[in-house]
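Source file: protein-v5.txt. Holds: compact mmCIF, N, CA and C atoms.
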# COMPACT_ATOMS: atom_id res chain seq x y z
N MET D 1 -21.60 -27.18 35.42
CA MET D 1 -22.24 -28.10 36.36
C MET D 1 -22.98 -29.19 35.60
N LYS D 2 -22.95 -30.37 36.17
CA LYS D 2 -23.62 -31.49 35.53
C LYS D 2 -24.58 -32.13 36.53
N VAL D 3 -25.56 -32.81 36.01
CA VAL D 3 -26.54 -33.47 36.87
C VAL D 3 -26.11 -34.90 37.10
N ASN D 4 -26.16 -35.35 38.36
CA ASN D 4 -25.80 -36.73 38.64
C ASN D 4 -27.05 -37.62 38.66
N ALA D 5 -26.86 -38.87 39.03
CA ALA D 5 -27.92 -39.87 38.92
C ALA D 5 -29.14 -39.55 39.77
N VAL D 6 -28.99 -38.86 40.87
CA VAL D 6 -30.14 -38.58 41.72
C VAL D 6 -30.71 -37.19 41.47
N GLY D 7 -30.31 -36.54 40.41
CA GLY D 7 -30.88 -35.28 40.02
C GLY D 7 -30.28 -34.07 40.70
N LYS D 8 -29.29 -34.23 41.52
CA LYS D 8 -28.64 -33.11 42.17
C LYS D 8 -27.56 -32.55 41.26
N ARG D 9 -27.13 -31.36 41.56
CA ARG D 9 -26.03 -30.75 40.81
C ARG D 9 -24.71 -31.11 41.47
N CYS D 10 -23.73 -31.37 40.66
CA CYS D 10 -22.38 -31.61 41.17
C CYS D 10 -21.59 -30.34 40.87
N SER D 11 -21.33 -29.56 41.91
CA SER D 11 -20.68 -28.27 41.71
C SER D 11 -19.23 -28.44 41.30
N GLU D 12 -18.66 -27.36 40.81
CA GLU D 12 -17.25 -27.37 40.42
C GLU D 12 -16.36 -27.71 41.61
N VAL D 13 -16.71 -27.15 42.76
CA VAL D 13 -15.93 -27.41 43.98
C VAL D 13 -15.99 -28.89 44.35
N ASP D 14 -17.19 -29.48 44.27
CA ASP D 14 -17.34 -30.91 44.57
C ASP D 14 -16.52 -31.76 43.59
N CYS D 15 -16.60 -31.42 42.30
CA CYS D 15 -15.84 -32.17 41.29
C CYS D 15 -14.35 -32.09 41.56
N ALA D 16 -13.87 -30.89 41.90
CA ALA D 16 -12.45 -30.71 42.18
C ALA D 16 -12.04 -31.47 43.44
N TYR D 17 -12.89 -31.46 44.46
CA TYR D 17 -12.59 -32.17 45.70
C TYR D 17 -12.49 -33.68 45.46
N ILE D 18 -13.45 -34.20 44.72
CA ILE D 18 -13.45 -35.64 44.42
C ILE D 18 -12.26 -36.00 43.54
N ALA D 19 -11.92 -35.13 42.61
CA ALA D 19 -10.72 -35.37 41.77
C ALA D 19 -9.49 -35.46 42.64
N GLY D 20 -9.39 -34.60 43.64
CA GLY D 20 -8.26 -34.64 44.57
C GLY D 20 -8.22 -35.92 45.36
N LEU D 21 -9.38 -36.39 45.81
CA LEU D 21 -9.42 -37.66 46.54
C LEU D 21 -8.97 -38.82 45.65
N ILE D 22 -9.47 -38.83 44.42
CA ILE D 22 -9.09 -39.90 43.50
C ILE D 22 -7.61 -39.81 43.14
N ASP D 23 -7.11 -38.61 42.89
CA ASP D 23 -5.69 -38.42 42.59
C ASP D 23 -4.81 -38.90 43.74
N GLY D 24 -5.19 -38.55 44.96
CA GLY D 24 -4.33 -38.85 46.11
C GLY D 24 -4.50 -40.24 46.68
N ASP D 25 -5.73 -40.65 46.91
CA ASP D 25 -5.98 -41.91 47.62
C ASP D 25 -6.86 -42.86 46.82
N GLY D 26 -6.96 -42.64 45.53
CA GLY D 26 -7.84 -43.45 44.71
C GLY D 26 -7.09 -44.38 43.77
N ALA D 27 -7.85 -45.27 43.20
CA ALA D 27 -7.30 -46.21 42.21
C ALA D 27 -8.34 -46.41 41.11
N ILE D 28 -7.86 -46.40 39.88
CA ILE D 28 -8.68 -46.72 38.72
C ILE D 28 -8.11 -48.02 38.19
N MET D 29 -8.84 -49.09 38.37
CA MET D 29 -8.31 -50.42 38.05
C MET D 29 -9.14 -51.10 36.96
N ALA D 30 -8.47 -51.89 36.15
CA ALA D 30 -9.13 -52.70 35.13
C ALA D 30 -9.03 -54.16 35.55
N ILE D 31 -10.15 -54.85 35.44
CA ILE D 31 -10.21 -56.25 35.84
C ILE D 31 -10.61 -57.08 34.62
N ILE D 32 -9.79 -58.07 34.30
CA ILE D 32 -10.12 -59.02 33.24
C ILE D 32 -10.61 -60.27 33.95
N GLU D 33 -11.84 -60.67 33.66
CA GLU D 33 -12.39 -61.81 34.39
C GLU D 33 -13.21 -62.72 33.46
N PRO D 34 -13.22 -64.00 33.78
CA PRO D 34 -14.07 -64.92 33.02
C PRO D 34 -15.53 -64.57 33.25
N HIS D 35 -16.34 -64.69 32.22
CA HIS D 35 -17.77 -64.40 32.35
C HIS D 35 -18.51 -65.25 31.32
N ASN D 36 -19.16 -66.28 31.78
CA ASN D 36 -19.78 -67.26 30.88
C ASN D 36 -20.91 -66.70 30.03
N GLU D 37 -21.53 -65.62 30.45
CA GLU D 37 -22.64 -65.06 29.69
C GLU D 37 -22.18 -64.16 28.54
N LYS D 38 -20.91 -63.83 28.49
CA LYS D 38 -20.39 -62.99 27.41
C LYS D 38 -20.04 -63.85 26.20
N LYS D 39 -20.12 -63.26 25.05
CA LYS D 39 -19.89 -63.96 23.78
C LYS D 39 -18.52 -64.64 23.73
N PHE D 40 -17.49 -63.95 24.22
CA PHE D 40 -16.13 -64.49 24.15
C PHE D 40 -15.64 -65.01 25.51
N ARG D 41 -16.56 -65.20 26.44
CA ARG D 41 -16.31 -65.81 27.76
C ARG D 41 -15.45 -64.99 28.71
N PHE D 42 -15.14 -63.75 28.36
CA PHE D 42 -14.38 -62.85 29.23
C PHE D 42 -14.99 -61.46 29.15
N ARG D 43 -14.73 -60.68 30.19
CA ARG D 43 -15.09 -59.27 30.16
C ARG D 43 -14.00 -58.47 30.86
N VAL D 44 -13.93 -57.21 30.48
CA VAL D 44 -12.99 -56.28 31.09
C VAL D 44 -13.83 -55.18 31.74
N ARG D 45 -13.64 -55.02 33.03
CA ARG D 45 -14.41 -54.01 33.78
C ARG D 45 -13.46 -53.05 34.47
N ILE D 46 -13.95 -51.84 34.69
CA ILE D 46 -13.22 -50.84 35.44
C ILE D 46 -13.80 -50.81 36.85
N GLU D 47 -12.91 -50.62 37.80
CA GLU D 47 -13.32 -50.45 39.19
C GLU D 47 -12.69 -49.15 39.68
N LEU D 48 -13.49 -48.34 40.34
CA LEU D 48 -13.03 -47.06 40.88
C LEU D 48 -13.10 -47.14 42.40
N LYS D 49 -11.98 -46.81 43.06
CA LYS D 49 -11.91 -46.98 44.51
C LYS D 49 -11.14 -45.83 45.14
N VAL D 50 -11.61 -45.38 46.32
CA VAL D 50 -10.92 -44.39 47.13
C VAL D 50 -10.81 -44.97 48.54
N THR D 51 -9.62 -44.92 49.11
CA THR D 51 -9.37 -45.48 50.43
C THR D 51 -9.05 -44.37 51.42
N GLN D 52 -9.67 -44.44 52.59
CA GLN D 52 -9.43 -43.50 53.68
C GLN D 52 -9.41 -44.28 54.99
N LYS D 53 -8.85 -43.69 56.02
CA LYS D 53 -8.79 -44.35 57.32
C LYS D 53 -10.16 -44.36 58.01
N HIS D 54 -10.90 -43.27 57.85
CA HIS D 54 -12.18 -43.13 58.55
C HIS D 54 -13.35 -43.14 57.57
N ARG D 55 -14.38 -43.87 57.91
CA ARG D 55 -15.58 -44.00 57.08
C ARG D 55 -16.21 -42.64 56.79
N LYS D 56 -16.24 -41.77 57.79
CA LYS D 56 -16.88 -40.45 57.62
C LYS D 56 -16.23 -39.62 56.53
N ASP D 57 -14.96 -39.88 56.26
CA ASP D 57 -14.26 -39.14 55.21
C ASP D 57 -14.72 -39.54 53.81
N LEU D 58 -15.39 -40.67 53.71
CA LEU D 58 -15.86 -41.16 52.41
C LEU D 58 -17.35 -40.93 52.18
N LEU D 59 -18.08 -40.58 53.22
CA LEU D 59 -19.52 -40.40 53.09
C LEU D 59 -19.87 -39.34 52.05
N CYS D 60 -19.01 -38.32 51.91
CA CYS D 60 -19.28 -37.27 50.92
C CYS D 60 -19.29 -37.84 49.50
N MET D 61 -18.53 -38.90 49.26
CA MET D 61 -18.49 -39.49 47.91
C MET D 61 -19.87 -39.99 47.51
N THR D 62 -20.51 -40.75 48.40
CA THR D 62 -21.84 -41.28 48.07
C THR D 62 -22.88 -40.16 48.06
N GLU D 63 -22.73 -39.17 48.93
CA GLU D 63 -23.68 -38.07 48.97
C GLU D 63 -23.59 -37.20 47.72
N ILE D 64 -22.40 -36.85 47.32
CA ILE D 64 -22.21 -35.96 46.17
C ILE D 64 -22.51 -36.69 44.87
N LEU D 65 -22.00 -37.91 44.73
CA LEU D 65 -22.10 -38.63 43.46
C LEU D 65 -23.36 -39.48 43.33
N GLY D 66 -23.94 -39.87 44.44
CA GLY D 66 -25.14 -40.71 44.39
C GLY D 66 -24.87 -42.12 43.92
N CYS D 67 -23.64 -42.59 44.08
CA CYS D 67 -23.30 -43.95 43.68
C CYS D 67 -22.17 -44.47 44.55
N GLY D 68 -21.90 -45.74 44.42
CA GLY D 68 -20.80 -46.36 45.15
C GLY D 68 -21.24 -46.85 46.52
N LYS D 69 -20.39 -47.69 47.08
CA LYS D 69 -20.63 -48.25 48.41
C LYS D 69 -19.37 -48.07 49.24
N ILE D 70 -19.55 -48.01 50.54
CA ILE D 70 -18.41 -47.93 51.43
C ILE D 70 -18.24 -49.29 52.10
N ARG D 71 -17.02 -49.81 52.01
CA ARG D 71 -16.69 -51.12 52.58
C ARG D 71 -15.61 -50.90 53.63
N THR D 72 -15.83 -51.48 54.80
CA THR D 72 -14.87 -51.34 55.89
C THR D 72 -13.95 -52.55 55.93
N ASN D 73 -12.65 -52.29 55.97
CA ASN D 73 -11.64 -53.33 56.11
C ASN D 73 -11.12 -53.32 57.54
N ARG D 74 -10.04 -54.03 57.81
CA ARG D 74 -9.49 -54.05 59.17
C ARG D 74 -9.04 -52.67 59.63
N THR D 75 -8.30 -51.96 58.81
CA THR D 75 -7.74 -50.68 59.25
C THR D 75 -8.17 -49.50 58.38
N THR D 76 -8.85 -49.73 57.28
CA THR D 76 -9.25 -48.66 56.37
C THR D 76 -10.68 -48.86 55.89
N CYS D 77 -11.17 -47.88 55.17
CA CYS D 77 -12.47 -47.97 54.52
C CYS D 77 -12.29 -47.63 53.04
N ASP D 78 -13.07 -48.28 52.20
CA ASP D 78 -13.01 -48.04 50.76
C ASP D 78 -14.37 -47.59 50.26
N TRP D 79 -14.37 -46.52 49.45
CA TRP D 79 -15.53 -46.19 48.64
C TRP D 79 -15.24 -46.86 47.31
N ILE D 80 -16.21 -47.64 46.82
CA ILE D 80 -15.94 -48.42 45.62
C ILE D 80 -17.18 -48.47 44.73
N THR D 81 -16.96 -48.39 43.43
CA THR D 81 -18.05 -48.60 42.48
C THR D 81 -17.53 -49.40 41.30
N ARG D 82 -18.38 -50.29 40.81
CA ARG D 82 -18.06 -51.12 39.64
C ARG D 82 -19.05 -50.90 38.50
N ASP D 83 -20.04 -50.05 38.74
CA ASP D 83 -21.04 -49.76 37.72
C ASP D 83 -20.39 -48.92 36.62
N GLN D 84 -20.30 -49.47 35.43
CA GLN D 84 -19.55 -48.86 34.34
C GLN D 84 -20.13 -47.50 33.92
N LYS D 85 -21.45 -47.37 33.90
CA LYS D 85 -22.06 -46.09 33.54
C LYS D 85 -21.76 -45.04 34.59
N GLU D 86 -21.83 -45.43 35.85
CA GLU D 86 -21.53 -44.49 36.93
C GLU D 86 -20.05 -44.07 36.89
N ILE D 87 -19.19 -45.01 36.61
CA ILE D 87 -17.76 -44.70 36.53
C ILE D 87 -17.50 -43.70 35.41
N LEU D 88 -18.12 -43.91 34.25
CA LEU D 88 -17.96 -42.95 33.15
C LEU D 88 -18.42 -41.56 33.56
N ARG D 89 -19.54 -41.50 34.28
CA ARG D 89 -20.07 -40.22 34.73
C ARG D 89 -19.11 -39.55 35.71
N VAL D 90 -18.62 -40.31 36.68
CA VAL D 90 -17.70 -39.77 37.69
C VAL D 90 -16.40 -39.31 37.01
N LEU D 91 -15.88 -40.12 36.11
CA LEU D 91 -14.63 -39.75 35.43
C LEU D 91 -14.80 -38.50 34.59
N SER D 92 -15.97 -38.33 33.98
CA SER D 92 -16.20 -37.11 33.20
C SER D 92 -16.28 -35.89 34.12
N TYR D 93 -16.76 -36.06 35.34
CA TYR D 93 -16.79 -34.95 36.32
C TYR D 93 -15.38 -34.55 36.73
N VAL D 94 -14.54 -35.53 37.03
CA VAL D 94 -13.25 -35.23 37.65
C VAL D 94 -12.12 -35.00 36.65
N ARG D 95 -12.28 -35.41 35.42
CA ARG D 95 -11.18 -35.29 34.45
C ARG D 95 -10.61 -33.87 34.34
N PRO D 96 -11.45 -32.82 34.26
CA PRO D 96 -10.86 -31.48 34.13
C PRO D 96 -10.06 -31.04 35.36
N TYR D 97 -10.28 -31.66 36.50
CA TYR D 97 -9.63 -31.24 37.74
C TYR D 97 -8.51 -32.18 38.19
N SER D 98 -8.40 -33.29 37.54
CA SER D 98 -7.39 -34.28 37.91
C SER D 98 -6.02 -33.81 37.46
N ARG D 99 -5.04 -33.97 38.33
CA ARG D 99 -3.68 -33.59 37.97
C ARG D 99 -2.78 -34.80 37.80
N MET D 100 -3.10 -35.88 38.47
CA MET D 100 -2.22 -37.04 38.49
C MET D 100 -2.72 -38.20 37.63
N LYS D 101 -4.01 -38.30 37.42
CA LYS D 101 -4.55 -39.52 36.82
C LYS D 101 -5.29 -39.29 35.50
N GLN D 102 -4.92 -38.25 34.77
CA GLN D 102 -5.61 -38.00 33.51
C GLN D 102 -5.40 -39.11 32.50
N GLN D 103 -4.18 -39.65 32.43
CA GLN D 103 -3.93 -40.77 31.49
C GLN D 103 -4.75 -41.99 31.89
N GLN D 104 -4.81 -42.27 33.19
CA GLN D 104 -5.58 -43.42 33.65
C GLN D 104 -7.06 -43.22 33.34
N ILE D 105 -7.55 -42.01 33.52
CA ILE D 105 -8.95 -41.72 33.20
C ILE D 105 -9.20 -41.95 31.71
N ASP D 106 -8.27 -41.52 30.86
CA ASP D 106 -8.42 -41.72 29.41
C ASP D 106 -8.48 -43.21 29.06
N PHE D 107 -7.57 -44.00 29.65
CA PHE D 107 -7.58 -45.45 29.38
C PHE D 107 -8.88 -46.08 29.87
N ALA D 108 -9.33 -45.70 31.06
CA ALA D 108 -10.56 -46.26 31.62
C ALA D 108 -11.76 -45.92 30.73
N GLN D 109 -11.83 -44.68 30.27
CA GLN D 109 -12.93 -44.30 29.40
C GLN D 109 -12.90 -45.08 28.09
N LYS D 110 -11.72 -45.29 27.52
CA LYS D 110 -11.61 -46.07 26.28
C LYS D 110 -12.07 -47.51 26.51
N ILE D 111 -11.68 -48.08 27.64
CA ILE D 111 -12.06 -49.47 27.94
C ILE D 111 -13.57 -49.58 28.03
N ILE D 112 -14.20 -48.67 28.75
CA ILE D 112 -15.65 -48.74 28.94
C ILE D 112 -16.40 -48.46 27.64
N GLU D 113 -15.92 -47.52 26.87
CA GLU D 113 -16.65 -47.09 25.67
C GLU D 113 -16.41 -47.96 24.45
N THR D 114 -15.44 -48.85 24.48
CA THR D 114 -15.15 -49.69 23.31
C THR D 114 -16.14 -50.85 23.24
N PRO D 115 -16.92 -50.92 22.17
CA PRO D 115 -17.84 -52.05 22.02
C PRO D 115 -17.07 -53.33 21.66
N ILE D 116 -17.47 -54.44 22.23
CA ILE D 116 -16.82 -55.73 21.97
C ILE D 116 -17.69 -56.49 20.97
N ARG D 117 -17.38 -56.34 19.69
CA ARG D 117 -18.14 -57.03 18.64
C ARG D 117 -17.41 -58.26 18.13
N GLU D 118 -16.08 -58.17 18.15
CA GLU D 118 -15.26 -59.26 17.65
C GLU D 118 -14.22 -59.61 18.71
N PHE D 119 -13.63 -60.77 18.55
CA PHE D 119 -12.61 -61.21 19.51
C PHE D 119 -11.43 -60.24 19.56
N ARG D 120 -11.07 -59.69 18.43
CA ARG D 120 -9.94 -58.75 18.43
C ARG D 120 -10.25 -57.49 19.23
N ASP D 121 -11.55 -57.10 19.30
CA ASP D 121 -11.94 -55.97 20.15
C ASP D 121 -11.67 -56.29 21.62
N LEU D 122 -12.00 -57.51 22.01
CA LEU D 122 -11.75 -57.95 23.38
C LEU D 122 -10.25 -57.95 23.68
N ARG D 123 -9.46 -58.44 22.75
CA ARG D 123 -7.99 -58.45 22.94
C ARG D 123 -7.45 -57.02 23.06
N ARG D 124 -7.96 -56.12 22.23
CA ARG D 124 -7.51 -54.72 22.28
C ARG D 124 -7.85 -54.10 23.64
N VAL D 125 -9.06 -54.34 24.12
CA VAL D 125 -9.48 -53.79 25.42
C VAL D 125 -8.67 -54.43 26.55
N ALA D 126 -8.36 -55.71 26.43
CA ALA D 126 -7.54 -56.38 27.45
C ALA D 126 -6.13 -55.79 27.49
N ARG D 127 -5.59 -55.46 26.33
CA ARG D 127 -4.27 -54.81 26.31
C ARG D 127 -4.32 -53.42 26.94
N LEU D 128 -5.42 -52.70 26.71
CA LEU D 128 -5.61 -51.41 27.39
C LEU D 128 -5.67 -51.61 28.91
N ALA D 129 -6.33 -52.69 29.33
CA ALA D 129 -6.40 -53.00 30.77
C ALA D 129 -5.01 -53.27 31.34
N ASP D 130 -4.19 -53.99 30.60
CA ASP D 130 -2.81 -54.23 31.04
C ASP D 130 -2.04 -52.92 31.16
N THR D 131 -2.24 -52.04 30.20
CA THR D 131 -1.56 -50.74 30.25
C THR D 131 -2.03 -49.94 31.45
N LEU D 132 -3.32 -49.94 31.70
CA LEU D 132 -3.86 -49.22 32.85
C LEU D 132 -3.32 -49.78 34.16
N SER D 133 -3.17 -51.07 34.25
CA SER D 133 -2.69 -51.68 35.50
C SER D 133 -1.25 -51.29 35.82
N LYS D 134 -0.48 -50.96 34.81
CA LYS D 134 0.91 -50.56 35.04
C LYS D 134 1.02 -49.24 35.79
N PHE D 135 -0.03 -48.43 35.77
CA PHE D 135 -0.04 -47.17 36.51
C PHE D 135 -0.21 -47.39 38.02
N ASN D 136 -0.83 -48.51 38.38
CA ASN D 136 -1.11 -48.79 39.79
C ASN D 136 0.06 -49.52 40.41
N VAL D 137 0.73 -48.88 41.33
CA VAL D 137 1.95 -49.41 41.94
C VAL D 137 1.70 -50.77 42.58
N ARG D 138 0.61 -50.92 43.30
CA ARG D 138 0.35 -52.18 44.00
C ARG D 138 0.02 -53.32 43.05
N SER D 139 -0.48 -53.01 41.86
CA SER D 139 -0.84 -54.05 40.89
C SER D 139 0.38 -54.76 40.33
N LYS D 140 1.52 -54.11 40.33
CA LYS D 140 2.71 -54.71 39.72
C LYS D 140 3.09 -56.03 40.38
N ASN D 141 2.89 -56.13 41.68
CA ASN D 141 3.27 -57.35 42.40
C ASN D 141 2.12 -58.33 42.57
N ARG D 142 0.86 -57.86 42.45
CA ARG D 142 -0.27 -58.70 42.74
C ARG D 142 -1.10 -59.11 41.55
N ARG D 143 -0.98 -58.44 40.46
CA ARG D 143 -1.90 -58.63 39.34
C ARG D 143 -1.80 -60.04 38.79
N LYS D 144 -2.94 -60.70 38.66
CA LYS D 144 -2.97 -62.07 38.19
C LYS D 144 -3.70 -62.22 36.86
N ASN D 145 -4.29 -61.16 36.37
CA ASN D 145 -5.02 -61.29 35.11
C ASN D 145 -4.40 -60.39 34.06
N PHE D 146 -4.06 -61.00 32.94
CA PHE D 146 -3.40 -60.30 31.86
C PHE D 146 -4.15 -60.59 30.56
N ALA D 147 -3.88 -59.76 29.56
CA ALA D 147 -4.50 -59.96 28.25
C ALA D 147 -4.17 -61.35 27.71
N ALA D 148 -3.02 -61.90 28.10
CA ALA D 148 -2.59 -63.21 27.61
C ALA D 148 -3.52 -64.33 28.05
N MET D 149 -4.31 -64.11 29.11
CA MET D 149 -5.20 -65.18 29.58
C MET D 149 -6.43 -65.35 28.69
N ILE D 150 -6.66 -64.39 27.80
CA ILE D 150 -7.84 -64.47 26.93
C ILE D 150 -7.53 -65.35 25.72
Would you mind writing the file out in structure tokens?
Amino acid sequence: MKVNAVGKRCSEVDCAYIAGLIDGDGAIMAIIEPHNEKKFRFRVRIELKVTQKHRKDLLCMTEILGCGKIRTNRTTCDWITRDQKEILRVLSYVRPYSRMKQQQIDFAQKIIETPIREFRDLRRVARLADTLSKFNVRSKNRRKNFAAMI
């Protein structure tokens, strides 16, 4: 058992349940975006998202994990977090129970944990982001940001 951000325990059952949600209806995405405050004018961020039809099905995510927000779309709801520290924490909880997204979790953890000291570090992380995006079926047709843009 591990302690989450609000001091509660995240049980094994909760970790396994959340891993199942992420495996089935979740996405681990890497975003390459311009950022003027960064040394090399770009940053690579991970976004973690779970989509369900009903908002109530996602409330457990915020209750158990103590992070993320629920956003309502026209026909679905998304639990989403972009906080890199929280994503690392969540991924460390679910990694032992994940059956479908272990490689994606590994790439996401490498992206977040790699310090960007030199331009080549940024290029390496951007290439990892490109590799991670290939796992997401919907990204193949929509993705507009590639390592080549850096």
Pick out each residue of chain D that DSSP on the backbone tags as strand (DSSP E or B); I need them as an mmCIF file with N, CA and C atoms, keeping the file's coordinate frame.
data_model
loop_
_atom_site.group_PDB
_atom_site.id
_atom_site.type_symbol
_atom_site.label_atom_id
_atom_site.label_comp_id
_atom_site.auth_asym_id
_atom_site.auth_seq_id
_atom_site.Cartn_x
_atom_site.Cartn_y
_atom_site.Cartn_z
ATOM 1 N N LYS D 2 -22.950 -30.370 36.170
ATOM 2 C CA LYS D 2 -23.620 -31.490 35.530
ATOM 3 C C LYS D 2 -24.580 -32.130 36.530
ATOM 4 N N VAL D 3 -25.560 -32.810 36.010
ATOM 5 C CA VAL D 3 -26.540 -33.470 36.870
ATOM 6 C C VAL D 3 -26.110 -34.900 37.100
ATOM 7 N N ARG D 9 -27.130 -31.360 41.560
ATOM 8 C CA ARG D 9 -26.030 -30.750 40.810
ATOM 9 C C ARG D 9 -24.710 -31.110 41.470
ATOM 10 N N CYS D 10 -23.730 -31.370 40.660
ATOM 11 C CA CYS D 10 -22.380 -31.610 41.170
ATOM 12 C C CYS D 10 -21.590 -30.340 40.870
ATOM 13 N N GLY D 26 -6.960 -42.640 45.530
ATOM 14 C CA GLY D 26 -7.840 -43.450 44.710
ATOM 15 C C GLY D 26 -7.090 -44.380 43.770
ATOM 16 N N ALA D 27 -7.850 -45.270 43.200
ATOM 17 C CA ALA D 27 -7.300 -46.210 42.210
ATOM 18 C C ALA D 27 -8.340 -46.410 41.110
ATOM 19 N N ILE D 28 -7.860 -46.400 39.880
ATOM 20 C CA ILE D 28 -8.680 -46.720 38.720
ATOM 21 C C ILE D 28 -8.110 -48.020 38.190
ATOM 22 N N MET D 29 -8.840 -49.090 38.370
ATOM 23 C CA MET D 29 -8.310 -50.420 38.050
ATOM 24 C C MET D 29 -9.140 -51.100 36.960
ATOM 25 N N ALA D 30 -8.470 -51.890 36.150
ATOM 26 C CA ALA D 30 -9.130 -52.700 35.130
ATOM 27 C C ALA D 30 -9.030 -54.160 35.550
ATOM 28 N N ILE D 31 -10.150 -54.850 35.440
ATOM 29 C CA ILE D 31 -10.210 -56.250 35.840
ATOM 30 C C ILE D 31 -10.610 -57.080 34.620
ATOM 31 N N ILE D 32 -9.790 -58.070 34.300
ATOM 32 C CA ILE D 32 -10.120 -59.020 33.240
ATOM 33 C C ILE D 32 -10.610 -60.270 33.950
ATOM 34 N N GLU D 33 -11.840 -60.670 33.660
ATOM 35 C CA GLU D 33 -12.390 -61.810 34.390
ATOM 36 C C GLU D 33 -13.210 -62.720 33.460
ATOM 37 N N PRO D 34 -13.220 -64.000 33.780
ATOM 38 C CA PRO D 34 -14.070 -64.920 33.020
ATOM 39 C C PRO D 34 -15.530 -64.570 33.250
ATOM 40 N N PHE D 42 -15.140 -63.750 28.360
ATOM 41 C CA PHE D 42 -14.380 -62.850 29.230
ATOM 42 C C PHE D 42 -14.990 -61.460 29.150
ATOM 43 N N ARG D 43 -14.730 -60.680 30.190
ATOM 44 C CA ARG D 43 -15.090 -59.270 30.160
ATOM 45 C C ARG D 43 -14.000 -58.470 30.860
ATOM 46 N N VAL D 44 -13.930 -57.210 30.480
ATOM 47 C CA VAL D 44 -12.990 -56.280 31.090
ATOM 48 C C VAL D 44 -13.830 -55.180 31.740
ATOM 49 N N ARG D 45 -13.640 -55.020 33.030
ATOM 50 C CA ARG D 45 -14.410 -54.010 33.780
ATOM 51 C C ARG D 45 -13.460 -53.050 34.470
ATOM 52 N N ILE D 46 -13.950 -51.840 34.690
ATOM 53 C CA ILE D 46 -13.220 -50.840 35.440
ATOM 54 C C ILE D 46 -13.800 -50.810 36.850
ATOM 55 N N GLU D 47 -12.910 -50.620 37.800
ATOM 56 C CA GLU D 47 -13.320 -50.450 39.190
ATOM 57 C C GLU D 47 -12.690 -49.150 39.680
ATOM 58 N N LEU D 48 -13.490 -48.340 40.340
ATOM 59 C CA LEU D 48 -13.030 -47.060 40.880
ATOM 60 C C LEU D 48 -13.100 -47.140 42.400
ATOM 61 N N LYS D 49 -11.980 -46.810 43.060
ATOM 62 C CA LYS D 49 -11.910 -46.980 44.510
ATOM 63 C C LYS D 49 -11.140 -45.830 45.140
ATOM 64 N N VAL D 50 -11.610 -45.380 46.320
ATOM 65 C CA VAL D 50 -10.920 -44.390 47.130
ATOM 66 C C VAL D 50 -10.810 -44.970 48.540
ATOM 67 N N THR D 51 -9.620 -44.920 49.110
ATOM 68 C CA THR D 51 -9.370 -45.480 50.430
ATOM 69 C C THR D 51 -9.050 -44.370 51.420
ATOM 70 N N GLN D 52 -9.670 -44.440 52.590
ATOM 71 C CA GLN D 52 -9.430 -43.500 53.680
ATOM 72 C C GLN D 52 -9.410 -44.280 54.990
ATOM 73 N N LYS D 69 -20.390 -47.690 47.080
ATOM 74 C CA LYS D 69 -20.630 -48.250 48.410
ATOM 75 C C LYS D 69 -19.370 -48.070 49.240
ATOM 76 N N ILE D 70 -19.550 -48.010 50.540
ATOM 77 C CA ILE D 70 -18.410 -47.930 51.430
ATOM 78 C C ILE D 70 -18.240 -49.290 52.100
ATOM 79 N N ARG D 71 -17.020 -49.810 52.010
ATOM 80 C CA ARG D 71 -16.690 -51.120 52.580
ATOM 81 C C ARG D 71 -15.610 -50.900 53.630
ATOM 82 N N THR D 72 -15.830 -51.480 54.800
ATOM 83 C CA THR D 72 -14.870 -51.340 55.890
ATOM 84 C C THR D 72 -13.950 -52.550 55.930
ATOM 85 N N CYS D 77 -11.170 -47.880 55.170
ATOM 86 C CA CYS D 77 -12.470 -47.970 54.520
ATOM 87 C C CYS D 77 -12.290 -47.630 53.040
ATOM 88 N N ASP D 78 -13.070 -48.280 52.200
ATOM 89 C CA ASP D 78 -13.010 -48.040 50.760
ATOM 90 C C ASP D 78 -14.370 -47.590 50.260
ATOM 91 N N TRP D 79 -14.370 -46.520 49.450
ATOM 92 C CA TRP D 79 -15.530 -46.190 48.640
ATOM 93 C C TRP D 79 -15.240 -46.860 47.310
ATOM 94 N N ILE D 80 -16.210 -47.640 46.820
ATOM 95 C CA ILE D 80 -15.940 -48.420 45.620
ATOM 96 C C ILE D 80 -17.180 -48.470 44.730
ATOM 97 N N THR D 81 -16.960 -48.390 43.430
ATOM 98 C CA THR D 81 -18.050 -48.600 42.480
ATOM 99 C C THR D 81 -17.530 -49.400 41.300
#
Contacts of segment 120-136 of chain D within 7 Å, only C-alpha atoms, excl. fewer than 6 positions in-chain, as a PyMOL selection string: chain D and resi 29-30+32+44+104+107+111+146-147
Within-12 Å shell of (-9.2, -30.1, 36.0) in input frame, only C-alpha atoms, as a ChimeraX atom specification: /D:12-20,23,91-102,105
Contacts of Ile70 of chain D within 8 Å, only N, CA and C atoms, excl. fewer than 3 positions in-chain, as a ChimeraX atom specification: /D:55,58-59,62,67,73,77-81
Among listed residues D:Asp25, D:Lys38, D:Ile46, D:Cys60, nearest Gln109 of chain D (using only C-alpha atoms):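 That would be D:Ile46, the residue with the smallest distance to Gln109 of chain D.
You can rank D:Arg45, D:Lys69, D:Arg74, D:Lys56 by their closest distance to Ala108 of chain D using all atoms listed in the file, and at the top of that list sits D:Arg45.
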Backbone DSSP call of alpha helix (DSSP H) for chain D, listed as JSON, numbers by chain: {"D": [12, 13, 14, 15, 16, 17, 18, 19, 20, 21, 22, 23, 24, 25, 59, 60, 61, 62, 63, 64, 65, 84, 85, 86, 87, 88, 89, 90, 91, 92, 93, 94, 102, 103, 104, 105, 106, 107, 108, 109, 110, 111, 112, 113, 119, 120, 121, 122, 123, 124, 125, 126, 127, 128, 129, 130, 131, 132, 133, 139, 140, 141, 142]}
